[in-house]
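Visitor: Pasting a structure here, questions to come.
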Amino acid sequence: MQTLFVTGGAGFIGSALVRLLLAESDWQVVNIDKLTYAGNLESLAELKDDGRHVFVQADIADRAAMDALFARYQPRGVIHLAAESHVDRSILGPAEFVQTNIVGTYVLLEAARSYWASLGEEARGGFRFHHVSTDEVFGSLGREGFFAETTAYDPRSPYSSSKAASDHLVRAWHHTYGLPVVVTNCSNNYGPYQFPEKLIPLMVLNALAGKPLPIYGRGDNVRDWLYVDDHAQALRLVFERGQAGATYCIGGNAERTNLDVVDRLCALLDELRPRAVGSYAELKTFVADRPGHDQRYAIDAGYIRRELGWTPRESFDSGLRRTVAWYLDNPLWVDHVQSGEYRRWVQQNYSERQQ
Ligand code: NAD
Ligand code: DAU
């Protein structure tokens, strides 16, 4: 059995990736996560008794802990997702973003490099450090055009600039030290288990609670939406078959304005959980814009399609319907997130497996 590390595996995308790897591959997964507010082991409840999933609560910026994990588990590689991920939080408090996204990635790179240098030649060639990044590093598009692997970096928020810095570090460790890295830059993900600070789950849960649906500015900013399981499939493919040193842009080819997204969500909720009177759309509220709000993101995913044969399976309509249905069908997960109970669940269910 071969082992790989997933960092941030208790988060939204990381947990989708861990569930996929356990269901569809033979990898043993060592899931390294600090369990910040965004880490939720209830999202991995179905794997609680699966011996191929080893959960370790640790900070990627803790060099001694990272060295000990590499020495103990001798992984074939790392898929690195651990990060502070929310733009609004980065505007309010950038320090954690610098610490985890930049310093944490640097520490993880150094621990990986030191372990990798100790391997025999064949194992060194097969090793991969896969850095999971975002399309936000490219800045903001006007009405035309797409981001692609060759697009120049132009990050604008504390979050995106911290991710850009980490991308540069990862590529520098390849060019300078020969560490076999791959980088992926992906567009906006949505789907089950997403923390309700992000647009789609926030709108669903606010609507169900009869609260206002806060739309920043005019609601005409555009995002390119990708169902999270499609991203997880792409990550597995790139980790297993990607070219060392290469970058792959991943996107859903599903551009929507925020207003379109909210209107579609309201229509789905009207159908699946009608209000006693009226439509959820009546809760839409235009609020002050996000400072420095990027206008449009859109990905040209042609390279990963041609090189690795990846395309998304889910359309935006089918993915959004599945997502809304999931939030309606999982009130306990939602309730535990909203009440903070999910943080106690870790102690009750996973404490004996932590290091
Ligand atoms: P998330 O916020 O849901 O999860 C992040 C996870 O990282 C959490 O489980 C958290 O506990 C963990 N973590 C944070 N700091 C840590 C530290 N110092 N050490 C160890 N673990 C730590 O994030 P997400 O939305 O799942 O995003 C995962 C990755 O994918 C991030 O790197 C993000 O930049 C990138 N990304 C996200 C999107 C998106 O739309 N959500 C799109 C493209 C790329
Ligand atoms: O593009 C990839 C990025 O997508 C990831 O790297 C980030 O980790 C992820 O958080 C996401 O960033 P966004 O800022 O695009 O996502 P968010 O869900 O915060 O917002 C989506 C859009 O909706 C954005 O234009 C801001 C707007 N918005 C968001 C919230 C939370 C609102 O209008 N109202 C809101 O309440």
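So you can find residues: chains in the structure tokens are A, B, ... in the order shown, residues in each start at 1, and ligands are numbered from 1 in order.
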Taking only C-alpha atoms and all ligand atoms into account, report as JSON, numbers by chain which residues have an atom no farther than 7 Å from an atom of ligand 1.
Guide: {"A": [7, 8, 9, 10, 11, 12, 13, 14, 32, 33, 34, 35, 36, 37, 38, 39, 40, 58, 59, 60, 61, 81, 82, 83, 84, 85, 86, 100, 104, 132, 133, 134, 135, 163, 185, 186, 187, 188, 189, 190, 194, 195]}
Visitor: Using only C-alpha atoms and all ligand atoms, determine which residues fall within 9 Å of ligand 2, then list them as a PyMOL selection string.
Guide: chain A and resi 83-88+133-137+159-160+163+185-190+196-203+213-225+257-259+261-262+286-287+289-290+293-298
Visitor: Output C-alpha atoms for every residue in the selection just made, as a compact mmCIF listing (two decimals), in the first residue's frame.
Guide:
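Now in result_3.txt:
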```txt
# COMPACT_ATOMS: atom_id res chain seq x y z
CA ALA A 83 -4.72 27.21 3.69
CA GLU A 84 -6.75 30.10 4.93
CA SER A 85 -9.22 30.29 2.06
CA HIS A 86 -11.78 33.05 2.55
CA VAL A 87 -11.23 36.44 0.87
CA ASP A 88 -13.41 38.47 3.26
CA SER A 133 -3.92 26.97 -5.75
CA THR A 134 -6.49 29.35 -7.10
CA ASP A 135 -7.34 31.33 -10.22
CA GLU A 136 -7.42 34.47 -8.03
CA VAL A 137 -3.62 34.76 -8.39
CA TYR A 159 -5.77 36.02 0.25
CA SER A 160 -4.81 35.91 -3.41
CA LYS A 163 -1.58 32.19 -2.51
CA ASN A 185 -4.95 26.83 -10.24
CA CYS A 186 -8.68 26.29 -9.95
CA SER A 187 -11.82 28.40 -10.18
CA ASN A 188 -14.64 28.70 -7.59
CA ASN A 189 -15.74 25.38 -6.11
CA TYR A 190 -19.18 24.58 -4.73
CA PRO A 196 -21.37 28.59 5.10
CA GLU A 197 -19.23 31.70 4.76
CA LYS A 198 -18.87 31.16 0.99
CA LEU A 199 -21.52 32.53 -1.39
CA ILE A 200 -23.55 29.42 -2.21
CA PRO A 201 -23.96 27.76 1.22
CA LEU A 202 -24.37 31.16 2.88
CA MET A 203 -27.27 32.02 0.57
CA LEU A 213 -29.34 37.36 1.11
CA PRO A 214 -26.44 39.89 1.03
CA ILE A 215 -25.31 40.60 -2.53
CA TYR A 216 -22.13 42.68 -2.75
CA GLY A 217 -22.27 45.76 -5.00
CA ARG A 218 -24.53 45.28 -8.03
CA GLY A 219 -24.18 41.49 -8.10
CA ASP A 220 -22.61 41.64 -11.55
CA ASN A 221 -19.25 40.10 -10.60
CA VAL A 222 -18.64 36.86 -12.47
CA ARG A 223 -17.20 33.59 -11.16
CA ASP A 224 -16.51 30.32 -13.01
CA TRP A 225 -18.14 27.58 -10.92
CA THR A 257 -22.91 36.59 -12.27
CA ASN A 258 -23.48 36.43 -8.53
CA LEU A 259 -27.01 37.66 -9.12
CA VAL A 261 -26.37 32.33 -8.90
CA VAL A 262 -28.59 33.74 -6.16
CA PHE A 286 -27.82 44.63 -2.08
CA VAL A 287 -25.06 45.55 0.39
CA ASP A 289 -19.21 45.99 -2.09
CA ARG A 290 -16.17 43.93 -1.02
CA HIS A 293 -13.67 43.11 -5.44
CA ASP A 294 -12.34 41.27 -8.53
CA GLN A 295 -14.82 41.68 -11.40
CA ARG A 296 -14.54 38.45 -13.36
CA TYR A 297 -12.73 35.10 -13.23
CA ALA A 298 -12.84 32.55 -16.05
```
Visitor: A:Glu96, A:Glu240, A:Asp260, A:Glu314: which is nearest Leu4 (chain A), counting only C-alpha atoms?
Guide: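 Result for the nearest residue to Leu4 (chain A): A:Glu240.
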Visitor: Do you know which residues are at most 12 Å from Pro331 (chain A) counting only C-alpha atoms, after dropping those on the same chain fewer than 6 positions away, and could you put them as JSON, numbers by chain?
Guide: {"A": [192, 193, 205, 208, 324, 325, 337, 338, 339]}
Visitor: Restricted to N, CA, C and O atoms, what would the selected residues look like written as a PDB file, in the first residue's frame?
Guide:
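Generated output (result-v1.pdb):
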```
ATOM      1  N   PRO A 192     -21.401  19.900  -1.622  1.00  0.00           N
ATOM      2  CA  PRO A 192     -21.673  19.525  -0.237  1.00  0.00           C
ATOM      3  C   PRO A 192     -20.502  19.845   0.684  1.00  0.00           C
ATOM      4  O   PRO A 192     -19.358  19.893   0.243  1.00  0.00           O
ATOM      5  N   TYR A 193     -20.791  20.048   1.957  1.00  0.00           N
ATOM      6  CA  TYR A 193     -19.801  20.227   3.027  1.00  0.00           C
ATOM      7  C   TYR A 193     -19.032  21.542   2.946  1.00  0.00           C
ATOM      8  O   TYR A 193     -17.983  21.681   3.555  1.00  0.00           O
ATOM      9  N   LEU A 205     -28.414  28.757   3.370  1.00  0.00           N
ATOM     10  CA  LEU A 205     -28.773  28.690   4.794  1.00  0.00           C
ATOM     11  C   LEU A 205     -29.461  29.970   5.257  1.00  0.00           C
ATOM     12  O   LEU A 205     -30.401  29.913   6.061  1.00  0.00           O
ATOM     13  N   LEU A 208     -33.094  29.684   4.043  1.00  0.00           N
ATOM     14  CA  LEU A 208     -33.904  28.757   4.843  1.00  0.00           C
ATOM     15  C   LEU A 208     -34.260  29.363   6.196  1.00  0.00           C
ATOM     16  O   LEU A 208     -35.306  29.057   6.760  1.00  0.00           O
ATOM     17  N   VAL A 324     -27.951  21.989  -3.343  1.00  0.00           N
ATOM     18  CA  VAL A 324     -29.096  22.462  -2.546  1.00  0.00           C
ATOM     19  C   VAL A 324     -29.759  21.270  -1.868  1.00  0.00           C
ATOM     20  O   VAL A 324     -30.070  21.304  -0.662  1.00  0.00           O
ATOM     21  N   ALA A 325     -29.938  20.185  -2.625  1.00  0.00           N
ATOM     22  CA  ALA A 325     -30.576  18.987  -2.044  1.00  0.00           C
ATOM     23  C   ALA A 325     -29.740  18.465  -0.874  1.00  0.00           C
ATOM     24  O   ALA A 325     -30.285  18.045   0.151  1.00  0.00           O
ATOM     25  N   VAL A 337     -22.404  22.746  12.438  1.00  0.00           N
ATOM     26  CA  VAL A 337     -21.526  23.842  11.986  1.00  0.00           C
ATOM     27  C   VAL A 337     -22.012  25.163  12.580  1.00  0.00           C
ATOM     28  O   VAL A 337     -21.221  25.957  13.113  1.00  0.00           O
ATOM     29  N   GLN A 338     -23.321  25.358  12.523  1.00  0.00           N
ATOM     30  CA  GLN A 338     -23.837  26.649  12.992  1.00  0.00           C
ATOM     31  C   GLN A 338     -23.731  26.801  14.507  1.00  0.00           C
ATOM     32  O   GLN A 338     -23.512  27.888  15.011  1.00  0.00           O
ATOM     33  N   SER A 339     -23.837  25.690  15.233  1.00  0.00           N
ATOM     34  CA  SER A 339     -23.791  25.774  16.700  1.00  0.00           C
ATOM     35  C   SER A 339     -22.366  25.657  17.250  1.00  0.00           C
ATOM     36  O   SER A 339     -22.127  25.922  18.417  1.00  0.00           O
TER      37      SER A 339
END
```
Visitor: Counting only C-alpha atoms, figure out which residue out of A:Val78, A:Gly120, A:Leu169, A:Ala148 gets nearest to Asn101 (chain A).
Guide: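 Closest candidate: A:Leu169.
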Visitor: Near Trp310 (chain A), counting only C-alpha atoms, which residues have an atom at most 7 Å away, once you skip same-chain residues fewer than 4 positions from it, shown as a PyMOL selection string?
Guide: chain A and resi 234+304-305
Visitor: Export, as a PDB file, in the first residue's frame, the selected residues with all heavy atoms.
Guide:
```pdb
ATOM      1  N   ALA A 234      -9.824  15.963 -10.789  1.00  0.00           N
ATOM      2  CA  ALA A 234      -8.705  16.613 -11.484  1.00  0.00           C
ATOM      3  C   ALA A 234      -7.442  16.558 -10.626  1.00  0.00           C
ATOM      4  O   ALA A 234      -6.332  16.310 -11.131  1.00  0.00           O
ATOM      5  CB  ALA A 234      -9.064  18.057 -11.815  1.00  0.00           C
ATOM      6  N   ILE A 304      -5.353  20.963 -19.428  1.00  0.00           N
ATOM      7  CA  ILE A 304      -5.566  19.733 -18.654  1.00  0.00           C
ATOM      8  C   ILE A 304      -6.472  18.770 -19.434  1.00  0.00           C
ATOM      9  O   ILE A 304      -6.333  17.544 -19.331  1.00  0.00           O
ATOM     10  CB  ILE A 304      -6.110  20.032 -17.232  1.00  0.00           C
ATOM     11  CG1 ILE A 304      -6.143  18.745 -16.395  1.00  0.00           C
ATOM     12  CG2 ILE A 304      -7.470  20.697 -17.240  1.00  0.00           C
ATOM     13  CD1 ILE A 304      -6.470  18.951 -14.928  1.00  0.00           C
ATOM     14  N   ARG A 305      -7.367  19.314 -20.253  1.00  0.00           N
ATOM     15  CA  ARG A 305      -8.224  18.436 -21.065  1.00  0.00           C
ATOM     16  C   ARG A 305      -7.372  17.701 -22.111  1.00  0.00           C
ATOM     17  O   ARG A 305      -7.441  16.486 -22.240  1.00  0.00           O
ATOM     18  CB  ARG A 305      -9.317  19.264 -21.744  1.00  0.00           C
ATOM     19  CG  ARG A 305     -10.331  18.409 -22.496  1.00  0.00           C
ATOM     20  CD  ARG A 305     -11.388  19.242 -23.213  1.00  0.00           C
ATOM     21  NE  ARG A 305     -10.810  20.070 -24.260  1.00  0.00           N
ATOM     22  CZ  ARG A 305     -10.883  21.400 -24.295  1.00  0.00           C
ATOM     23  NH1 ARG A 305     -11.522  22.058 -23.349  1.00  0.00           N
ATOM     24  NH2 ARG A 305     -10.335  22.077 -25.285  1.00  0.00           N
TER      25      ARG A 305
END
```
Visitor: Counting only C-alpha atoms, what is within 9 Å of Gln233 (chain A), bar same-chain residues fewer than 3 positions away, as a PDB file with N, CA and C atoms, in the first residue's frame?
Guide:
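Result file out_39.pdb:
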```pdb
ATOM      1  N   LEU A  17     -11.621  15.342  -1.649  1.00  0.00           N
ATOM      2  CA  LEU A  17     -10.506  14.581  -2.222  1.00  0.00           C
ATOM      3  C   LEU A  17     -10.238  13.314  -1.412  1.00  0.00           C
ATOM      4  N   LEU A  20     -12.827  10.747  -2.117  1.00  0.00           N
ATOM      5  CA  LEU A  20     -12.603  10.174  -3.447  1.00  0.00           C
ATOM      6  C   LEU A  20     -11.451   9.162  -3.418  1.00  0.00           C
ATOM      7  N   VAL A 228     -17.333  20.446  -6.686  1.00  0.00           N
ATOM      8  CA  VAL A 228     -16.124  20.074  -5.942  1.00  0.00           C
ATOM      9  C   VAL A 228     -15.615  18.679  -6.298  1.00  0.00           C
ATOM     10  N   ASP A 229     -16.508  17.719  -6.580  1.00  0.00           N
ATOM     11  CA  ASP A 229     -16.028  16.370  -6.904  1.00  0.00           C
ATOM     12  C   ASP A 229     -15.284  16.354  -8.242  1.00  0.00           C
ATOM     13  N   ASP A 230     -15.653  17.254  -9.152  1.00  0.00           N
ATOM     14  CA  ASP A 230     -14.903  17.357 -10.410  1.00  0.00           C
ATOM     15  C   ASP A 230     -13.494  17.893 -10.151  1.00  0.00           C
ATOM     16  N   ARG A 236      -6.624  14.342  -8.339  1.00  0.00           N
ATOM     17  CA  ARG A 236      -6.059  12.982  -8.343  1.00  0.00           C
ATOM     18  C   ARG A 236      -5.283  12.731  -9.642  1.00  0.00           C
ATOM     19  N   LEU A 237      -5.873  13.135 -10.748  1.00  0.00           N
ATOM     20  CA  LEU A 237      -5.247  12.934 -12.062  1.00  0.00           C
ATOM     21  C   LEU A 237      -3.902  13.656 -12.159  1.00  0.00           C
ATOM     22  N   VAL A 238      -3.878  14.895 -11.720  1.00  0.00           N
ATOM     23  CA  VAL A 238      -2.641  15.680 -11.809  1.00  0.00           C
ATOM     24  C   VAL A 238      -1.585  15.094 -10.869  1.00  0.00           C
ATOM     25  N   TRP A 310      -9.005  15.434 -18.745  1.00  0.00           N
ATOM     26  CA  TRP A 310      -9.994  15.801 -17.712  1.00  0.00           C
ATOM     27  C   TRP A 310     -11.052  16.771 -18.252  1.00  0.00           C
ATOM     28  N   PRO A 312     -15.033  18.367 -16.587  1.00  0.00           N
ATOM     29  CA  PRO A 312     -16.007  18.211 -15.502  1.00  0.00           C
ATOM     30  C   PRO A 312     -17.179  17.335 -15.922  1.00  0.00           C
TER      31      PRO A 312
END
```
Visitor: Give the answer as one residue: which of A:Leu119, A:Gly210, A:Ala45, A:Ala16 has the shortest atom-to-atom distance to Ser279 (chain A), using only C-alpha atoms?
Guide: A:Gly210
